[in-house]
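Novice: Just so it is clear, I am handing over start.txt, which has compact mmCIF, C-alpha atoms and all ligand atoms.
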# COMPACT_ATOMS: atom_id res chain seq x y z
CA MET A 17 0.00 0.00 0.00
CA SER A 18 1.43 3.39 -0.89
CA THR A 19 0.61 6.57 0.97
CA ALA A 20 -1.29 7.66 -2.15
CA ASP A 21 -3.93 5.10 -1.17
CA LEU A 22 -4.56 6.79 2.18
CA PRO A 23 -7.66 8.95 2.61
CA GLU A 24 -7.29 12.61 3.57
CA SER A 25 -9.65 12.51 6.47
CA MET A 26 -10.70 10.03 9.13
CA SER A 27 -13.61 9.44 11.47
CA THR A 28 -12.74 10.39 15.03
CA SER A 29 -14.64 10.10 18.28
CA VAL A 30 -14.07 13.19 20.40
CA LEU A 31 -14.73 13.98 24.05
CA ALA A 32 -16.13 17.48 23.46
CA GLY A 33 -17.01 18.13 27.09
CA THR A 34 -17.93 16.21 30.22
CA LYS A 35 -20.23 13.34 29.20
CA THR A 36 -20.32 14.63 25.62
CA ILE A 37 -18.96 12.49 22.79
CA THR A 38 -19.15 13.69 19.19
CA MET A 39 -18.09 12.21 15.86
CA GLU A 40 -15.82 14.37 13.75
CA LYS A 41 -14.11 14.12 10.39
CA ARG A 42 -10.51 15.10 10.98
CA GLN A 43 -7.41 15.28 8.84
CA LEU A 44 -5.18 12.24 9.02
CA PRO A 45 -2.57 12.93 11.71
CA ALA A 46 0.83 14.03 10.42
CA TYR A 47 3.75 11.75 11.26
CA GLY A 48 7.34 12.82 11.89
CA PRO A 49 10.51 11.21 10.54
CA ASP A 50 10.73 8.77 13.47
CA GLU A 51 7.03 7.94 13.54
CA VAL A 52 4.58 5.53 11.93
CA LEU A 53 0.93 5.89 10.97
CA VAL A 54 -1.20 3.05 12.33
CA LYS A 55 -4.60 2.01 10.99
CA ILE A 56 -6.32 1.22 14.29
CA ALA A 57 -7.88 -2.24 14.64
CA ALA A 58 -9.07 -2.33 18.26
CA VAL A 59 -8.94 -0.03 21.29
CA GLY A 60 -9.65 -1.06 24.88
CA VAL A 61 -11.78 1.14 27.13
CA CYS A 62 -9.82 1.93 30.29
CA GLY A 63 -10.99 3.23 33.64
CA SER A 64 -9.08 6.44 32.94
CA ASP A 65 -11.10 7.02 29.73
CA VAL A 66 -14.29 6.56 31.72
CA HIS A 67 -13.02 8.95 34.39
CA TYR A 68 -12.22 11.69 31.85
CA PHE A 69 -15.64 11.15 30.25
CA ARG A 70 -17.55 11.45 33.54
CA HIS A 71 -15.46 13.98 35.46
CA GLY A 72 -13.38 15.86 32.85
CA ARG A 73 -10.20 15.41 34.83
CA ILE A 74 -7.90 12.98 36.63
CA GLY A 75 -6.03 14.81 39.37
CA ASP A 76 -3.94 17.53 37.73
CA PHE A 77 -4.80 16.35 34.20
CA VAL A 78 -7.76 18.48 33.16
CA VAL A 79 -9.67 18.18 29.87
CA ASP A 80 -10.02 21.85 28.87
CA ALA A 81 -10.18 21.28 25.10
CA PRO A 82 -11.72 18.54 22.91
CA LEU A 83 -9.81 15.29 23.47
CA VAL A 84 -9.71 11.94 21.69
CA LEU A 85 -9.81 9.17 24.30
CA GLY A 86 -8.43 5.61 24.04
CA HIS A 87 -4.88 4.45 24.76
CA GLU A 88 -5.04 0.64 24.55
CA ALA A 89 -4.60 0.20 20.82
CA SER A 90 -3.56 -2.26 18.14
CA GLY A 91 -3.48 -1.98 14.37
CA THR A 92 -1.43 -2.14 11.18
CA ILE A 93 1.30 0.24 10.05
CA VAL A 94 0.14 1.94 6.83
CA ALA A 95 2.83 4.62 6.43
CA VAL A 96 6.21 5.43 7.95
CA GLY A 97 8.33 8.57 8.41
CA ASP A 98 11.55 9.18 6.48
CA GLY A 99 13.77 7.67 9.16
CA VAL A 100 11.76 4.45 9.56
CA ASP A 101 12.37 1.14 7.77
CA PRO A 102 9.79 1.19 4.95
CA SER A 103 9.39 -2.58 5.17
CA ARG A 104 7.39 -1.98 8.36
CA VAL A 105 4.39 -0.95 6.26
CA GLY A 106 1.84 -3.74 6.55
CA GLN A 107 3.13 -4.94 9.93
CA ARG A 108 0.58 -5.67 12.68
CA VAL A 109 1.54 -3.82 15.84
CA ALA A 110 0.59 -3.16 19.44
CA VAL A 111 0.87 0.52 20.35
CA GLU A 112 2.81 1.58 23.44
CA PRO A 113 0.91 4.85 23.74
CA GLN A 114 3.60 7.17 25.00
CA ARG A 115 6.25 9.47 23.64
CA PRO A 116 8.92 10.41 26.24
CA CYS A 117 11.39 13.22 25.51
CA GLY A 118 14.42 10.91 25.69
CA LYS A 119 16.62 13.68 27.15
CA CYS A 120 15.54 14.45 30.70
CA ARG A 121 17.00 12.99 33.90
CA GLU A 122 14.31 10.32 34.18
CA CYS A 123 14.52 9.34 30.51
CA LEU A 124 18.31 9.05 30.73
CA ALA A 125 17.90 6.86 33.81
CA GLY A 126 15.63 4.51 31.87
CA LEU A 127 12.57 5.67 33.80
CA TYR A 128 10.86 7.14 30.79
CA ASN A 129 7.38 6.59 32.27
CA LEU A 130 8.25 9.40 34.68
CA CYS A 131 9.35 11.84 31.94
CA SER A 132 8.02 15.30 32.79
CA ARG A 133 7.64 16.07 29.09
CA MET A 134 5.77 12.85 28.31
CA GLU A 135 3.17 12.92 25.57
CA PHE A 136 0.71 10.15 26.41
CA TYR A 137 -2.36 9.12 24.40
CA ALA A 138 -5.69 10.38 25.72
CA THR A 139 -4.07 12.53 28.37
CA PRO A 140 -4.69 16.26 27.85
CA PRO A 141 -3.67 17.72 25.45
CA VAL A 142 -2.55 14.60 23.54
CA ASP A 143 -5.18 12.79 21.47
CA GLY A 144 -5.70 9.05 21.78
CA ALA A 145 -6.81 6.23 19.52
CA PHE A 146 -10.63 6.33 19.29
CA ALA A 147 -10.07 7.16 15.61
CA GLU A 148 -9.42 5.34 12.35
CA TYR A 149 -5.70 6.22 12.45
CA ALA A 150 -3.13 7.27 15.03
CA VAL A 151 0.57 8.14 15.05
CA ILE A 152 3.24 6.62 17.27
CA GLN A 153 7.02 6.65 17.43
CA ASP A 154 8.63 3.79 15.47
CA ALA A 155 10.13 2.13 18.56
CA PHE A 156 6.78 2.21 20.38
CA ALA A 157 4.92 0.35 17.60
CA HIS A 158 5.68 -3.20 18.70
CA ALA A 159 5.44 -5.92 16.05
CA ILE A 160 3.17 -8.76 17.17
CA PRO A 161 3.06 -12.43 16.16
CA ASP A 162 0.22 -13.76 13.98
CA ASN A 163 -1.27 -15.76 16.81
CA LEU A 164 -2.03 -12.62 18.81
CA SER A 165 -5.51 -11.22 18.08
CA ASP A 166 -6.23 -7.53 17.59
CA GLU A 167 -8.02 -7.63 20.93
CA ALA A 168 -5.14 -9.20 22.84
CA ALA A 169 -2.69 -6.82 21.17
CA ALA A 170 -4.71 -3.84 22.40
CA LEU A 171 -4.86 -5.30 25.91
CA LEU A 172 -1.08 -5.59 26.12
CA GLU A 173 -1.40 -2.10 27.60
CA PRO A 174 -3.17 -3.11 30.83
CA LEU A 175 -0.99 -6.24 30.85
CA SER A 176 1.98 -3.86 30.85
CA VAL A 177 0.62 -2.25 34.00
CA ALA A 178 0.41 -5.72 35.57
CA ILE A 179 3.97 -6.61 34.51
CA THR A 180 5.28 -3.38 36.02
CA THR A 181 3.33 -4.18 39.18
CA MET A 182 4.89 -7.66 39.46
CA ARG A 183 8.37 -6.24 38.93
CA LYS A 184 7.83 -3.63 41.62
CA ALA A 185 6.30 -6.23 43.94
CA HIS A 186 9.40 -8.41 43.41
CA VAL A 187 7.19 -11.41 42.70
CA GLU A 188 9.29 -14.56 42.49
CA PRO A 189 8.60 -18.26 41.91
CA GLY A 190 6.92 -19.81 44.94
CA ASN A 191 5.62 -16.51 46.35
CA THR A 192 2.24 -15.86 47.87
CA VAL A 193 0.61 -12.75 46.41
CA LEU A 194 -2.47 -10.99 47.75
CA ILE A 195 -4.50 -8.88 45.31
CA ALA A 196 -7.37 -6.62 46.41
CA GLY A 197 -10.01 -6.00 43.73
CA ALA A 198 -11.13 -8.31 40.90
CA GLY A 199 -11.75 -5.69 38.22
CA PRO A 200 -9.82 -5.74 34.92
CA ILE A 201 -6.47 -4.82 36.48
CA GLY A 202 -6.91 -7.20 39.42
CA ILE A 203 -7.80 -10.06 37.07
CA ILE A 204 -4.86 -9.37 34.76
CA CYS A 205 -2.56 -9.01 37.80
CA ALA A 206 -3.76 -12.39 39.13
CA GLN A 207 -2.85 -14.08 35.85
CA THR A 208 0.45 -12.24 35.64
CA ALA A 209 1.39 -13.15 39.23
CA LYS A 210 0.84 -16.80 38.27
CA ALA A 211 2.96 -16.31 35.15
CA PHE A 212 5.72 -14.80 37.31
CA GLY A 213 5.74 -18.02 39.32
CA ALA A 214 3.56 -17.17 42.31
CA ALA A 215 2.47 -20.39 44.01
CA GLU A 216 -0.50 -18.80 45.72
CA VAL A 217 -2.58 -15.91 44.45
CA ILE A 218 -5.24 -14.72 46.89
CA VAL A 219 -7.80 -12.28 45.48
CA THR A 220 -10.23 -10.32 47.63
CA ASP A 221 -13.44 -8.73 46.37
CA LEU A 222 -16.79 -7.94 47.96
CA VAL A 223 -18.78 -9.19 44.94
CA PRO A 224 -19.30 -12.98 44.70
CA GLU A 225 -19.37 -13.01 40.87
CA ARG A 226 -16.08 -11.15 40.75
CA ARG A 227 -14.49 -13.56 43.24
CA GLU A 228 -15.64 -16.48 41.07
CA ARG A 229 -14.18 -14.81 38.01
CA ALA A 230 -10.85 -14.34 39.80
CA LEU A 231 -10.69 -18.10 40.37
CA ARG A 232 -10.96 -18.64 36.62
CA TYR A 233 -8.06 -16.23 36.02
CA GLY A 234 -5.12 -17.28 38.12
CA ALA A 235 -6.40 -16.89 41.68
CA THR A 236 -5.83 -19.96 43.83
CA ARG A 237 -8.12 -18.58 46.51
CA ALA A 238 -10.81 -15.91 46.54
CA VAL A 239 -11.69 -14.20 49.80
CA ASP A 240 -14.68 -12.12 50.82
CA PRO A 241 -13.22 -9.29 52.92
CA ALA A 242 -16.62 -8.81 54.56
CA THR A 243 -16.37 -12.23 56.23
CA VAL A 244 -12.59 -12.73 56.50
CA ASP A 245 -10.45 -10.12 58.26
CA VAL A 246 -7.56 -9.98 55.81
CA ALA A 247 -5.42 -8.04 58.30
CA THR A 248 -5.50 -10.72 61.00
CA ALA A 249 -6.06 -13.94 59.00
CA GLY A 250 -2.35 -14.83 59.16
CA LEU A 251 -1.90 -14.66 55.39
CA ASP A 252 1.77 -13.63 55.73
CA VAL A 253 2.03 -12.83 52.01
CA ASP A 254 5.23 -11.92 50.17
CA ALA A 255 3.51 -9.15 48.25
CA PHE A 256 0.25 -7.23 48.41
CA ILE A 257 -1.12 -5.53 45.31
CA ASP A 258 -3.99 -3.13 45.68
CA ALA A 259 -6.14 -2.96 42.57
CA SER A 260 -9.18 -1.62 44.42
CA GLY A 261 -8.31 1.88 45.56
CA ALA A 262 -10.37 1.22 48.69
CA PRO A 263 -8.79 2.53 51.93
CA SER A 264 -10.01 -0.42 54.01
CA ALA A 265 -8.54 -2.92 51.53
CA VAL A 266 -5.22 -1.08 51.41
CA SER A 267 -4.92 -0.95 55.18
CA ALA A 268 -5.86 -4.61 55.69
CA GLY A 269 -3.65 -5.76 52.80
CA ILE A 270 -0.56 -4.03 54.17
CA LYS A 271 -1.08 -5.76 57.53
CA ALA A 272 -1.17 -9.13 55.72
CA VAL A 273 2.38 -8.68 54.38
CA ARG A 274 5.31 -10.62 55.86
CA PRO A 275 8.41 -8.85 57.20
CA ALA A 276 10.43 -7.25 54.37
CA GLY A 277 7.58 -7.84 51.93
CA HIS A 278 6.34 -5.50 49.19
CA VAL A 279 3.20 -3.45 48.65
CA VAL A 280 2.25 -1.95 45.29
CA LEU A 281 -0.66 0.47 44.95
CA VAL A 282 -2.01 0.29 41.40
CA GLY A 283 -5.75 0.88 41.87
CA LEU A 284 -7.12 4.39 41.49
CA GLY A 285 -9.37 5.39 44.35
CA ASN A 286 -9.13 7.69 47.30
CA PRO A 287 -6.24 10.12 46.73
CA GLN A 288 -5.73 10.33 50.49
CA MET A 289 -5.67 7.37 52.86
CA THR A 290 -4.68 6.44 56.39
CA LEU A 291 -1.93 3.79 56.39
CA PRO A 292 -0.81 1.36 59.15
CA VAL A 293 2.52 3.10 59.55
CA GLU A 294 3.61 1.10 62.57
CA HIS A 295 3.28 -2.16 60.62
CA ILE A 296 5.19 -0.70 57.67
CA GLN A 297 7.98 0.41 60.04
CA ASN A 298 8.21 -2.66 62.23
CA TYR A 299 8.05 -5.06 59.26
CA GLU A 300 10.28 -2.93 57.01
CA ILE A 301 7.73 -3.13 54.22
CA THR A 302 8.52 -1.50 50.89
CA LEU A 303 5.52 0.39 49.54
CA THR A 304 5.32 2.01 46.13
CA GLY A 305 2.90 3.11 43.44
CA VAL A 306 2.83 2.33 39.74
CA PHE A 307 2.66 4.98 37.03
CA ARG A 308 2.33 3.33 33.60
CA TYR A 309 5.34 1.27 32.47
CA THR A 310 8.73 1.12 30.81
CA ASN A 311 10.00 -1.68 28.57
CA THR A 312 7.10 -4.06 29.14
CA TRP A 313 5.78 -4.82 25.64
CA PRO A 314 8.32 -7.57 24.85
CA ALA A 315 7.36 -9.38 28.06
CA ALA A 316 3.66 -8.70 27.47
CA ILE A 317 3.83 -10.10 23.93
CA HIS A 318 5.47 -13.25 25.28
CA LEU A 319 2.97 -13.75 28.10
CA ALA A 320 -0.04 -13.25 25.82
CA SER A 321 1.17 -15.14 22.74
CA SER A 322 2.38 -18.11 24.79
CA GLY A 323 -1.01 -18.37 26.53
CA LEU A 324 0.39 -17.73 30.00
CA VAL A 325 -1.99 -14.77 30.23
CA ASP A 326 -5.41 -14.92 28.56
CA LEU A 327 -6.56 -11.52 27.35
CA ASP A 328 -9.07 -12.49 24.64
CA SER A 329 -11.67 -13.89 26.99
CA LEU A 330 -11.65 -10.71 29.09
CA VAL A 331 -13.53 -8.90 26.31
CA THR A 332 -17.19 -8.57 27.26
CA GLY A 333 -18.31 -5.70 25.00
CA ARG A 334 -17.64 -4.74 21.37
CA PHE A 335 -18.52 -1.33 19.96
CA GLY A 336 -18.12 0.70 16.78
CA LEU A 337 -16.54 4.16 16.69
CA ASP A 338 -20.02 5.70 16.71
CA GLN A 339 -20.80 3.82 19.96
CA VAL A 340 -17.95 5.13 22.10
CA GLU A 341 -20.40 6.65 24.57
CA GLU A 342 -22.07 3.25 25.08
CA ALA A 343 -18.64 1.66 25.41
CA LEU A 344 -17.70 4.19 28.11
CA GLU A 345 -20.95 3.52 29.97
CA SER A 346 -20.65 -0.27 29.70
CA ASP A 347 -18.95 -0.53 33.09
CA GLN A 348 -22.38 0.18 34.66
CA ASP A 349 -23.21 -3.46 33.89
CA PRO A 350 -21.61 -5.47 36.70
CA SER A 351 -21.01 -8.46 34.41
CA SER A 352 -18.89 -6.37 32.01
CA LEU A 353 -15.11 -6.62 32.34
CA LYS A 354 -13.45 -5.12 29.27
CA SER A 355 -15.02 -3.25 26.36
CA LEU A 356 -13.32 -2.72 23.03
CA VAL A 357 -13.92 -0.16 20.29
CA TYR A 358 -13.37 -1.17 16.66
CA PRO A 359 -12.93 1.99 14.56
CA TRP A 360 -13.56 0.15 11.27
CA LYS A 361 -16.65 -1.84 12.27
ZN ZN B 401 -5.28 1.62 30.32
ZN ZN B 402 12.09 12.74 29.36
How does this structure look as structure tokens?

Specialist:
Amino acid sequence: MSTADLPESMSTSVLAGTKTITMEKRQLPAYGPDEVLVKIAAVGVCGSDVHYFRHGRIGDFVVDAPLVLGHEASGTIVAVGDGVDPSRVGQRVAVEPQRPCGKCRECLAGLYNLCSRMEFYATPPVDGAFAEYAVIQDAFAHAIPDNLSDEAAALLEPLSVAITTMRKAHVEPGNTVLIAGAGPIGIICAQTAKAFGAAEVIVTDLVPERRERALRYGATRAVDPATVDVATAGLDVDAFIDASGAPSAVSAGIKAVRPAGHVVLVGLGNPQMTLPVEHIQNYEITLTGVFRYTNTWPAAIHLASSGLVDLDSLVTGRFGLDQVEEALESDQDPSSLKSLVYPWK
């Protein structure tokens, strides 16, 4: 396919204001010498997209101009910049939706997720992938094997969050890992903990259906925190991962960690919480957060294409580009787990 075959404009779904999605015809995005143009196949709906849609902001990131949502994307390269190997045209790729500056202290330290000049899809003012095409830097368009579906390729993004979480939690073969919350991230974390060699994966959730689902996705045990006091049940886990954002779950989970164990806070919830500081001190627990990811797509591609992590069956809703609003509202249905938008369907 030559660039002459490309259309001049594309359909784009735009967050025009809080709870307002409009369809627009926009010019195809321009791509720089180190960038590729991707024809988007599938885009996952993330909690952050839903948050921007409902509230117009996440913390300091405020939507004050029309924004294209969607950052969990897969597709096919249809054009490349001057500095990119032209044989990449036609390649199926998973998009790592960020463009770090490459020059700042954090970038030079290999911590490009923390780049202060980061341009990240669907984070104001950078547009995302709820569109027919999107642009990404060459090195962040990761070639995928044929056995990986468009859906799984898009969901390598949340899997990347889970991989970063396991790395930060120092999960090792034989470990016991406690995960609070059986939403999409909790479920993917449970599978990834298993793939990292955890012998026991304990998932807590208040909802019975979600606990049952966790058992189908890597959990060896599902616990109802309303009936079991996680803090005093003697779990003695090597790592606790909070994917709930709930203060009570965070506090109880920390108290379940063994001496010198790790805690990783990945769930978005209350921005302020009370923590069991004495336990953290006396047990010398290492506690950290997770902000996106660096260098996770190669591992994610391996975990998904080898079947160690199942992403395809997480998809519970499929929507066209003109149904983005429905896709964003689909989390109201408690049985829904992951919705995908298909810009060409
Ligand atoms: Zn996401
Ligand atoms: Zn930087």

Novice: When the cut-off is 7 Å and you count only C-alpha atoms and all ligand atoms, which residues lie near ligand ZN 401 (chain B), shown as a list in words?

Specialist: Cys62, Gly63, Ser64, His87, Glu88, Glu173 and Pro174 of chain A

Novice: Give me, as JSON lines, each residue of chain A that comes within 10 Å of ligand ZN 402 (chain B), together with its shortest interatomic pair and the distance in Å at one decimal, counting only C-alpha atoms and all ligand atoms, with rows ordered by chain and rising residue number.

Specialist:
{"residue": "A:Arg115", "atom": "CA", "partner": "B:ZN402", "partner_atom": "ZN", "distance": 8.8}
{"residue": "A:Pro116", "atom": "CA", "partner": "B:ZN402", "partner_atom": "ZN", "distance": 5.0}
{"residue": "A:Cys117", "atom": "CA", "partner": "B:ZN402", "partner_atom": "ZN", "distance": 3.9}
{"residue": "A:Gly118", "atom": "CA", "partner": "B:ZN402", "partner_atom": "ZN", "distance": 4.7}
{"residue": "A:Lys119", "atom": "CA", "partner": "B:ZN402", "partner_atom": "ZN", "distance": 5.1}
{"residue": "A:Cys120", "atom": "CA", "partner": "B:ZN402", "partner_atom": "ZN", "distance": 4.1}
{"residue": "A:Arg121", "atom": "CA", "partner": "B:ZN402", "partner_atom": "ZN", "distance": 6.7}
{"residue": "A:Glu122", "atom": "CA", "partner": "B:ZN402", "partner_atom": "ZN", "distance": 5.8}
{"residue": "A:Cys123", "atom": "CA", "partner": "B:ZN402", "partner_atom": "ZN", "distance": 4.3}
{"residue": "A:Leu124", "atom": "CA", "partner": "B:ZN402", "partner_atom": "ZN", "distance": 7.4}
{"residue": "A:Ala125", "atom": "CA", "partner": "B:ZN402", "partner_atom": "ZN", "distance": 9.4}
{"residue": "A:Gly126", "atom": "CA", "partner": "B:ZN402", "partner_atom": "ZN", "distance": 9.3}
{"residue": "A:Leu127", "atom": "CA", "partner": "B:ZN402", "partner_atom": "ZN", "distance": 8.4}
{"residue": "A:Tyr128", "atom": "CA", "partner": "B:ZN402", "partner_atom": "ZN", "distance": 5.9}
{"residue": "A:Asn129", "atom": "CA", "partner": "B:ZN402", "partner_atom": "ZN", "distance": 8.3}
{"residue": "A:Leu130", "atom": "CA", "partner": "B:ZN402", "partner_atom": "ZN", "distance": 7.4}
{"residue": "A:Cys131", "atom": "CA", "partner": "B:ZN402", "partner_atom": "ZN", "distance": 3.9}
{"residue": "A:Ser132", "atom": "CA", "partner": "B:ZN402", "partner_atom": "ZN", "distance": 5.9}
{"residue": "A:Arg133", "atom": "CA", "partner": "B:ZN402", "partner_atom": "ZN", "distance": 5.6}
{"residue": "A:Met134", "atom": "CA", "partner": "B:ZN402", "partner_atom": "ZN", "distance": 6.4}
{"residue": "A:Glu135", "atom": "CA", "partner": "B:ZN402", "partner_atom": "ZN", "distance": 9.7}

Novice: Produce a file of the selected residues containing C-alpha atoms, as a JSON list (two decimals), in the coordinates of the input.

Specialist:
[["chain", "number", "residue", "atom", "x", "y", "z"],
["A", 115, "ARG", "CA", 6.25, 9.47, 23.64],
["A", 116, "PRO", "CA", 8.92, 10.41, 26.24],
["A", 117, "CYS", "CA", 11.39, 13.22, 25.51],
["A", 118, "GLY", "CA", 14.42, 10.91, 25.69],
["A", 119, "LYS", "CA", 16.62, 13.68, 27.15],
["A", 120, "CYS", "CA", 15.54, 14.45, 30.70],
["A", 121, "ARG", "CA", 17.00, 12.99, 33.90],
["A", 122, "GLU", "CA", 14.31, 10.32, 34.18],
["A", 123, "CYS", "CA", 14.52, 9.34, 30.51],
["A", 124, "LEU", "CA", 18.31, 9.05, 30.73],
["A", 125, "ALA", "CA", 17.90, 6.86, 33.81],
["A", 126, "GLY", "CA", 15.63, 4.51, 31.87],
["A", 127, "LEU", "CA", 12.57, 5.67, 33.80],
["A", 128, "TYR", "CA", 10.86, 7.14, 30.79],
["A", 129, "ASN", "CA", 7.38, 6.59, 32.27],
["A", 130, "LEU", "CA", 8.25, 9.40, 34.68],
["A", 131, "CYS", "CA", 9.35, 11.84, 31.94],
["A", 132, "SER", "CA", 8.02, 15.30, 32.79],
["A", 133, "ARG", "CA", 7.64, 16.07, 29.09],
["A", 134, "MET", "CA", 5.77, 12.85, 28.31],
["A", 135, "GLU", "CA", 3.17, 12.92, 25.57]]

Novice: Which one is closest to Thr290 (chain A): A:Ala170, A:Ser264, A:Val84, A:Leu44? Count all atoms listed in the file.

Specialist: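 So, comparing all the options, the nearest one is A:Ser264.
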
Novice: List the spatial neighbours of Gly48 (chain A) as a count of residues only - criterion: any atom at most 10 Å away, all atoms listed in the file, same-chain residues fewer than 6 positions off excluded.

Specialist: 9

Novice: What is the CA of Asp245 (chain A)-CA of Val223 (chain A) distance in Å, reported with one decimal?

Specialist: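 If I compute the distance from CA of Asp245 (chain A) to CA of Val223 (chain A), I get 15.7 Å.
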
Novice: Between CA of Gln207 (chain A) and CA of Ser351 (chain A), what is the distance, to one decimal in Å?

Specialist: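 We find that CA of Gln207 (chain A) and CA of Ser351 (chain A) lie 19.1 Å from each other.
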
Novice: In terms of the shortest atom-to-atom distance over only C-alpha atoms, which of A:Ala95, A:Val266, A:Ala58, A:Val109 is closest to Asp162 (chain A)?

Specialist: A:Val109

Novice: Identify which of the residues A:Ala155, A:Ala57, A:Ala268, A:Leu353 lies closest to Ala242 (chain A), counting only C-alpha atoms when measuring atom-to-atom distances.

Specialist: A:Ala268

Novice: For CA of Lys354 (chain A) and CA of Thr332 (chain A), quote the distance in Å rounded to one decimal.

Specialist: 5.5 Å

Novice: Closest to Gln107 (chain A) among A:Lys55, A:His67, A:Arg308, A:Arg73, using only C-alpha atoms?

Specialist: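 Among the listed residues, A:Lys55 lies closest to Gln107 (chain A).
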
Novice: Within 10 Å of Thr192 (chain A), counting only C-alpha atoms, which residues show up once you throw out same-chain ones fewer than 6 positions away? Write them as a ChimeraX atom specification, please.

Specialist: /A:209-210,213-218,236,251-256,273

Novice: Neighbours of Glu300 (chain A) within 12 Å (all atoms listed in the file; same-chain residues fewer than 2 positions away dropped), as an MDAnalysis selection string?

Specialist: chainID A and resid 270:271 273:279 293:298 302:303

Novice: Could you list, as a short mmCIF file (atom, residue, chain, number, x, y, z; two decimals) with C-alpha atoms, keeping the file's coordinate frame, every residue within 10 Å of Val94 (chain A), counting only C-alpha atoms and ignoring same-chain residues fewer than 4 positions away?

Specialist:
data_model
loop_
_atom_site.label_atom_id
_atom_site.label_comp_id
_atom_site.auth_asym_id
_atom_site.auth_seq_id
_atom_site.Cartn_x
_atom_site.Cartn_y
_atom_site.Cartn_z
CA MET A 17 0.00 0.00 0.00
CA SER A 18 1.43 3.39 -0.89
CA THR A 19 0.61 6.57 0.97
CA ASP A 21 -3.93 5.10 -1.17
CA LEU A 22 -4.56 6.79 2.18
CA VAL A 52 4.58 5.53 11.93
CA LEU A 53 0.93 5.89 10.97
CA VAL A 54 -1.20 3.05 12.33
CA LYS A 55 -4.60 2.01 10.99
CA ILE A 56 -6.32 1.22 14.29
CA PRO A 102 9.79 1.19 4.95
CA ARG A 104 7.39 -1.98 8.36
CA VAL A 105 4.39 -0.95 6.26
CA GLY A 106 1.84 -3.74 6.55
CA GLN A 107 3.13 -4.94 9.93
CA ARG A 108 0.58 -5.67 12.68
CA TYR A 149 -5.70 6.22 12.45
#

Novice: Select, from A:Gly144, A:Arg183, A:Asp258, A:Ile204, the residue with the minimum atom-to-atom distance to Thr220 (chain A), counting all atoms listed in the file.

Specialist: A:Asp258

Novice: Let me make sure I understand: among A:Pro287, A:Pro263, A:Pro113, A:Pro49, which one has the smallest atom-to-atom distance to Ser90 (chain A) if we use only C-alpha atoms?

Specialist: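 So, comparing all the options, the nearest one is A:Pro113.
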
Novice: Pick out the residues sitting within 9 Å of Ala81 (chain A), and hand them over as a list in words; count only C-alpha atoms, and ignore anything fewer than 6 positions along from it in its own chain.

Specialist: Leu31, Ala32, Gly33, Pro140 and Pro141 of chain A
